[in-house]
Amino acid sequence: MPFATAADGTALYYEDWGRGRPLVFLGTAMQNSRMWEHVARPLVEAGLRCITVDRRGHGRSDWPWDGYDFDTLADDLAAVLDRTDVADAVLVGYAMGGGETVRHLSRHGTERVGAVALVNSVTPFMCRTDDNPEGLDPSVFDGIAAELMADRARWVVDAAAGFFGGPEGTVENLPVSFEHARWLGYMALDCSSRAALESYRTLFTTDLRPDVATLRSSGLPVLLIHGDGDLGAPLELCGMRTARLLPDAPFVVYEGAAHGLFATHADRLVADLLKFAAS
C-alpha cells in the first residue's frame with residue numbers, strides 16, 4: 001500500500017491514479033480519500049493524474065494523538081508531494097483541506113505547485129474575535145465539540161440533511177441516494193475521536209488570512225468554488241470573504257449546493273476542475 005512518512009513518523013496513506021498533470025486532493029474534516037471516488041475517476045479517465053490523501057487520524061493513515069494543527073498538516077502534505085515527486089500540481093483544497101492548502105504554501109512555497117482550487121474552503125477565518133467581528137461566536141464550536149464527544153454517530157446522522165442540502169431534520173429525500181449518504185456517514189466515523197475533535201478545533205479557530213495573502217502574492221492561478229447552501233463553511237463567511245482577498249481568482253457559486261457538493265454536484269465539479277487544470 002502507498003504511504004508517505006510524516007516528519008514525526010506518522011504513516012500517511014494516499015492513492016495515486018493515472019498520468020498527466022497531477023491534481024492533489026485534500027478533503028473535508030472526518031472524511032478520507034474515498035470521498036473523491038466520483039471526482040477522481042472521471043478526471044483520470046480524461047487524462048489527468050489524481051492523488052488523494054487520508055489525513056492523519058483518518059482512514060488508512062496512522063491515528064496519532066497529536067498533529068491536527070494546520071502547521072503539521074501542511075508538513076504532512078509536503079511529505080506526500082515529495083513522496084509522489086509531483087511537479088506543477090493543482091492542489092484541490094476542500095473545506096478543511098483549503099486551510100491545509102494555503103498553510104502549505106506559506107510554509108513550503110510553490111516549488112511543486114502550479115495552481116490552487118479552493119472548494120467550500122474554510123478560509124479565511126471562521127471564529128469571531130475582536131479583529132474578526134464577522135466570524136462565528138466561539139460557542140458554536142463548543143456546541144459541536146460537546147455533541148461530537150457525547151455521541152459522534154448521532155451527530156453524523158443529524159448533520160446529514162445540512163451536509164447534502166436536504167430537508168431539515170430528516171435523512172429522507174436527500175439529493176443523493178440513502179445508500180450513498182450512509183456510506184459517507186460511515187466514512188466520517190472512520191477517524192479517531194481525537195482527530196474529529198481537533199480537526200474541528202483547528203478549522204474553526206485558525207486565522208488563515210495571512211496564508212491567503214501569501215497565496216495572492218504567489219502569482220499562482222486560483223479557482224474558487226463554493227455552494228450557496230453550505231452550512232459547514234457558509235458562503236458569506238468563507239467563500240465571499242476569500243474571494244475579496246483573492247480578487248483576481250474566478251469565483252464560481254453553485255446554486256443550491258451544500259457542503260457535500262463533491263457528492264451532489266460531482267459532474268459539475270469534475271468539469272470545472274478539468275477546465276481549470278487544462279488552462
# chains A, B, ... in the order shown; residues from 1 in each chain; ligands from 1
$ residues_around --residues "A:Thr72" --least-positions-apart "2" --cutoff "10 Å" --atoms "only C-alpha atoms" --output "list in words"
Ala6, Ala7, Asp8, Arg56, Asp66, Gly67, Tyr68, Asp69, Phe70, Ala74, Asp75, Asp76, Leu77, Ala78, Glu100, Arg103 and His104 of chain A
$ residues_around --residues "A:Glu236" --least-positions-apart "6" --cutoff "10 Å" --atoms "only C-alpha atoms" --output "MDAnalysis selection string"
chainID A and resid 134 226 228 230 242
$ atom_distance --atom1 "atom CA of A:Gly18" --atom2 "atom CA of A:Val44"
5.3 Å
$ residues_around --residues "stretch 105-117 of chain A" --least-positions-apart "3" --cutoff "6 Å" --atoms "only C-alpha atoms" --output "VMD selection string"
chain A and resid 87 to 92 102 211 214 220 to 224
$ write_last_selection --atoms "all heavy atoms" --output "JSON list (two decimals), in the first residue's frame"
[["chain", "number", "residue", "atom", "x", "y", "z"],
["A", 87, "ALA", "N", 5.17, 17.66, -9.88],
["A", 87, "ALA", "CA", 5.58, 18.99, -10.33],
["A", 87, "ALA", "C", 4.38, 19.64, -10.99],
["A", 87, "ALA", "O", 3.56, 18.97, -11.62],
["A", 87, "ALA", "CB", 6.74, 18.88, -11.32],
["A", 88, "ASP", "N", 4.26, 20.96, -10.83],
["A", 88, "ASP", "CA", 3.17, 21.72, -11.44],
["A", 88, "ASP", "C", 1.80, 21.17, -11.01],
["A", 88, "ASP", "O", 0.85, 21.15, -11.79],
["A", 88, "ASP", "CB", 3.29, 21.70, -12.96],
["A", 88, "ASP", "CG", 2.39, 22.73, -13.63],
["A", 88, "ASP", "OD1", 2.15, 23.80, -13.04],
["A", 88, "ASP", "OD2", 1.89, 22.44, -14.74],
["A", 89, "ALA", "N", 1.70, 20.75, -9.76],
["A", 89, "ALA", "CA", 0.46, 20.13, -9.28],
["A", 89, "ALA", "C", -0.62, 21.17, -9.05],
["A", 89, "ALA", "O", -0.35, 22.32, -8.69],
["A", 89, "ALA", "CB", 0.72, 19.38, -7.98],
["A", 90, "VAL", "N", -1.87, 20.74, -9.24],
["A", 90, "VAL", "CA", -3.03, 21.53, -8.83],
["A", 90, "VAL", "C", -3.46, 21.01, -7.46],
["A", 90, "VAL", "O", -3.86, 19.85, -7.34],
["A", 90, "VAL", "CB", -4.20, 21.38, -9.84],
["A", 90, "VAL", "CG1", -5.39, 22.23, -9.37],
["A", 90, "VAL", "CG2", -3.75, 21.79, -11.23],
["A", 91, "LEU", "N", -3.36, 21.85, -6.44],
["A", 91, "LEU", "CA", -3.84, 21.48, -5.12],
["A", 91, "LEU", "C", -5.33, 21.80, -5.05],
["A", 91, "LEU", "O", -5.73, 22.94, -5.30],
["A", 91, "LEU", "CB", -3.10, 22.25, -4.02],
["A", 91, "LEU", "CG", -1.59, 22.03, -3.92],
["A", 91, "LEU", "CD1", -1.04, 22.78, -2.70],
["A", 91, "LEU", "CD2", -1.24, 20.55, -3.85],
["A", 92, "VAL", "N", -6.13, 20.79, -4.72],
["A", 92, "VAL", "CA", -7.58, 20.97, -4.59],
["A", 92, "VAL", "C", -7.90, 20.88, -3.10],
["A", 92, "VAL", "O", -7.94, 19.79, -2.52],
["A", 92, "VAL", "CB", -8.35, 19.91, -5.39],
["A", 92, "VAL", "CG1", -9.86, 20.16, -5.27],
["A", 92, "VAL", "CG2", -7.92, 19.92, -6.86],
["A", 102, "VAL", "N", -3.51, 26.43, 1.83],
["A", 102, "VAL", "CA", -2.91, 27.76, 1.95],
["A", 102, "VAL", "C", -1.79, 27.76, 2.99],
["A", 102, "VAL", "O", -0.80, 28.49, 2.82],
["A", 102, "VAL", "CB", -3.97, 28.84, 2.25],
["A", 102, "VAL", "CG1", -4.96, 28.94, 1.11],
["A", 102, "VAL", "CG2", -4.68, 28.60, 3.58],
["A", 211, "ASP", "N", -2.20, 33.51, 5.39],
["A", 211, "ASP", "CA", -1.89, 32.46, 4.42],
["A", 211, "ASP", "C", -2.56, 32.73, 3.08],
["A", 211, "ASP", "O", -1.98, 32.48, 2.01],
["A", 211, "ASP", "CB", -2.34, 31.11, 4.97],
["A", 211, "ASP", "CG", -1.74, 30.81, 6.33],
["A", 211, "ASP", "OD1", -0.62, 30.31, 6.38],
["A", 211, "ASP", "OD2", -2.40, 31.11, 7.33],
["A", 214, "THR", "N", -0.51, 35.17, 1.33],
["A", 214, "THR", "CA", 0.64, 34.52, 0.70],
["A", 214, "THR", "C", 0.24, 33.90, -0.63],
["A", 214, "THR", "O", 0.98, 33.99, -1.63],
["A", 214, "THR", "CB", 1.21, 33.44, 1.63],
["A", 214, "THR", "OG1", 1.70, 34.05, 2.82],
["A", 214, "THR", "CG2", 2.35, 32.68, 0.95],
["A", 220, "LEU", "N", 0.15, 32.27, -8.29],
["A", 220, "LEU", "CA", -0.44, 31.05, -8.80],
["A", 220, "LEU", "C", -1.87, 31.30, -9.30],
["A", 220, "LEU", "O", -2.60, 32.08, -8.69],
["A", 220, "LEU", "CB", -0.49, 29.98, -7.70],
["A", 220, "LEU", "CG", 0.84, 29.40, -7.20],
["A", 220, "LEU", "CD1", 0.56, 28.47, -6.03],
["A", 220, "LEU", "CD2", 1.58, 28.68, -8.30],
["A", 221, "PRO", "N", -2.27, 30.64, -10.36],
["A", 221, "PRO", "CA", -3.69, 30.67, -10.74],
["A", 221, "PRO", "C", -4.53, 30.03, -9.63],
["A", 221, "PRO", "O", -4.15, 29.01, -9.06],
["A", 221, "PRO", "CB", -3.74, 29.83, -12.01],
["A", 221, "PRO", "CG", -2.33, 29.77, -12.51],
["A", 221, "PRO", "CD", -1.47, 29.83, -11.31],
["A", 222, "VAL", "N", -5.67, 30.66, -9.33],
["A", 222, "VAL", "CA", -6.55, 30.18, -8.26],
["A", 222, "VAL", "C", -7.97, 30.13, -8.79],
["A", 222, "VAL", "O", -8.43, 31.05, -9.49],
["A", 222, "VAL", "CB", -6.49, 31.11, -7.02],
["A", 222, "VAL", "CG1", -7.42, 30.59, -5.93],
["A", 222, "VAL", "CG2", -5.07, 31.23, -6.50],
["A", 223, "LEU", "N", -8.67, 29.05, -8.46],
["A", 223, "LEU", "CA", -10.09, 28.91, -8.74],
["A", 223, "LEU", "C", -10.82, 28.75, -7.42],
["A", 223, "LEU", "O", -10.43, 27.95, -6.58],
["A", 223, "LEU", "CB", -10.34, 27.68, -9.62],
["A", 223, "LEU", "CG", -11.80, 27.28, -9.85],
["A", 223, "LEU", "CD1", -12.54, 28.36, -10.65],
["A", 223, "LEU", "CD2", -11.89, 25.93, -10.56],
["A", 224, "LEU", "N", -11.89, 29.52, -7.24],
["A", 224, "LEU", "CA", -12.71, 29.43, -6.04],
["A", 224, "LEU", "C", -14.09, 28.88, -6.42],
["A", 224, "LEU", "O", -14.73, 29.39, -7.34],
["A", 224, "LEU", "CB", -12.89, 30.81, -5.40],
["A", 224, "LEU", "CG", -11.60, 31.55, -5.01],
["A", 224, "LEU", "CD1", -11.95, 32.94, -4.48],
["A", 224, "LEU", "CD2", -10.80, 30.77, -3.99]]
$ closest_residue --among "A:Phe178, A:Arg241, A:Asp142, A:Ala161" --to "A:Tyr200" --atoms "only C-alpha atoms"
A:Asp142
$ atom_distance --atom1 "atom CA of A:Phe262" --atom2 "atom CA of A:Leu73"
21.5 Å
$ residues_around --residues "A:Glu255" --least-positions-apart "3" --cutoff "12 Å" --atoms "only C-alpha atoms" --output "compact mmCIF listing (two decimals) with N, CA and C atoms, in the first residue's frame"
# COMPACT_ATOMS: atom_id res chain seq x y z
N GLY A 165 -27.78 19.19 1.80
CA GLY A 165 -28.76 20.15 1.33
C GLY A 165 -30.15 19.57 1.19
N ILE A 225 -14.52 27.84 -5.71
CA ILE A 225 -15.84 27.24 -5.91
C ILE A 225 -16.51 27.15 -4.55
N HIS A 226 -17.78 27.54 -4.50
CA HIS A 226 -18.49 27.48 -3.21
C HIS A 226 -19.98 27.28 -3.47
N GLY A 227 -20.59 26.47 -2.61
CA GLY A 227 -22.03 26.28 -2.68
C GLY A 227 -22.76 27.34 -1.88
N ASP A 228 -23.86 27.86 -2.43
CA ASP A 228 -24.56 28.92 -1.71
C ASP A 228 -25.43 28.38 -0.57
N GLY A 229 -25.52 27.05 -0.44
CA GLY A 229 -26.25 26.45 0.67
C GLY A 229 -25.34 25.77 1.67
N ASP A 230 -24.06 26.12 1.66
CA ASP A 230 -23.09 25.48 2.54
C ASP A 230 -23.29 25.97 3.98
N LEU A 235 -21.23 30.53 2.77
CA LEU A 235 -20.78 31.31 1.62
C LEU A 235 -20.34 32.71 2.02
N VAL A 252 -16.77 30.85 -8.55
CA VAL A 252 -17.92 30.13 -9.10
C VAL A 252 -18.81 29.70 -7.96
N ALA A 258 -24.79 22.40 -1.13
CA ALA A 258 -24.44 22.46 0.28
C ALA A 258 -22.97 22.04 0.46
N HIS A 259 -22.60 21.70 1.70
CA HIS A 259 -21.20 21.41 1.98
C HIS A 259 -20.72 20.17 1.24
N LEU A 261 -20.99 19.15 -1.79
CA LEU A 261 -21.17 19.26 -3.25
C LEU A 261 -20.26 18.30 -4.02
N THR A 264 -23.00 15.75 -4.39
CA THR A 264 -24.24 16.17 -5.03
C THR A 264 -24.01 16.84 -6.38
N HIS A 265 -22.85 17.44 -6.58
CA HIS A 265 -22.56 18.16 -7.82
C HIS A 265 -21.25 17.66 -8.43
N ARG A 268 -20.46 18.51 -12.22
CA ARG A 268 -20.08 19.90 -12.46
C ARG A 268 -18.69 20.19 -11.92
$ closest_residue --among "A:Leu189, A:Ala95, A:Leu245, A:Ala196" --to "A:Thr28" --atoms "only C-alpha atoms"
A:Ala95
$ atom_distance --atom1 "atom CA of A:Ala46" --atom2 "atom CA of A:Ala266"
14.6 Å
$ select_by_dssp --residues "stretch 35-271 of chain A" --states "helix (DSSP H, G or I)" --output "count of residues only"
121
$ residues_around --residues "A:Ala263" --least-positions-apart "6" --cutoff "10 Å" --atoms "only C-alpha atoms" --output "MDAnalysis selection string"
chainID A and resid 35:39 164 175:176 180:181 184 257 269
$ closest_residue --among "A:Val157, A:Val140, A:Leu246, A:Cys238" --to "A:Arg201" --atoms "only C-alpha atoms"
A:Val140
$ residues_around --residues "stretch 50-55 of chain A" --least-positions-apart "2" --cutoff "8 Å" --atoms "only C-alpha atoms" --output "VMD selection string"
chain A and resid 12 to 18 22 to 27 32 to 33 36 40 43 to 44 48 57 to 61 73
$ select_by_dssp --residues "stretch 75-245 of chain A" --states "strand (DSSP E)" --output "list in words"
Ala89, Val90, Leu91, Val92, Gly93, Tyr94, Val113, Gly114, Ala115, Val116, Ala117, Leu118, Val119, Val222, Leu223, Leu224, Ile225, His226 and Gly227 of chain A
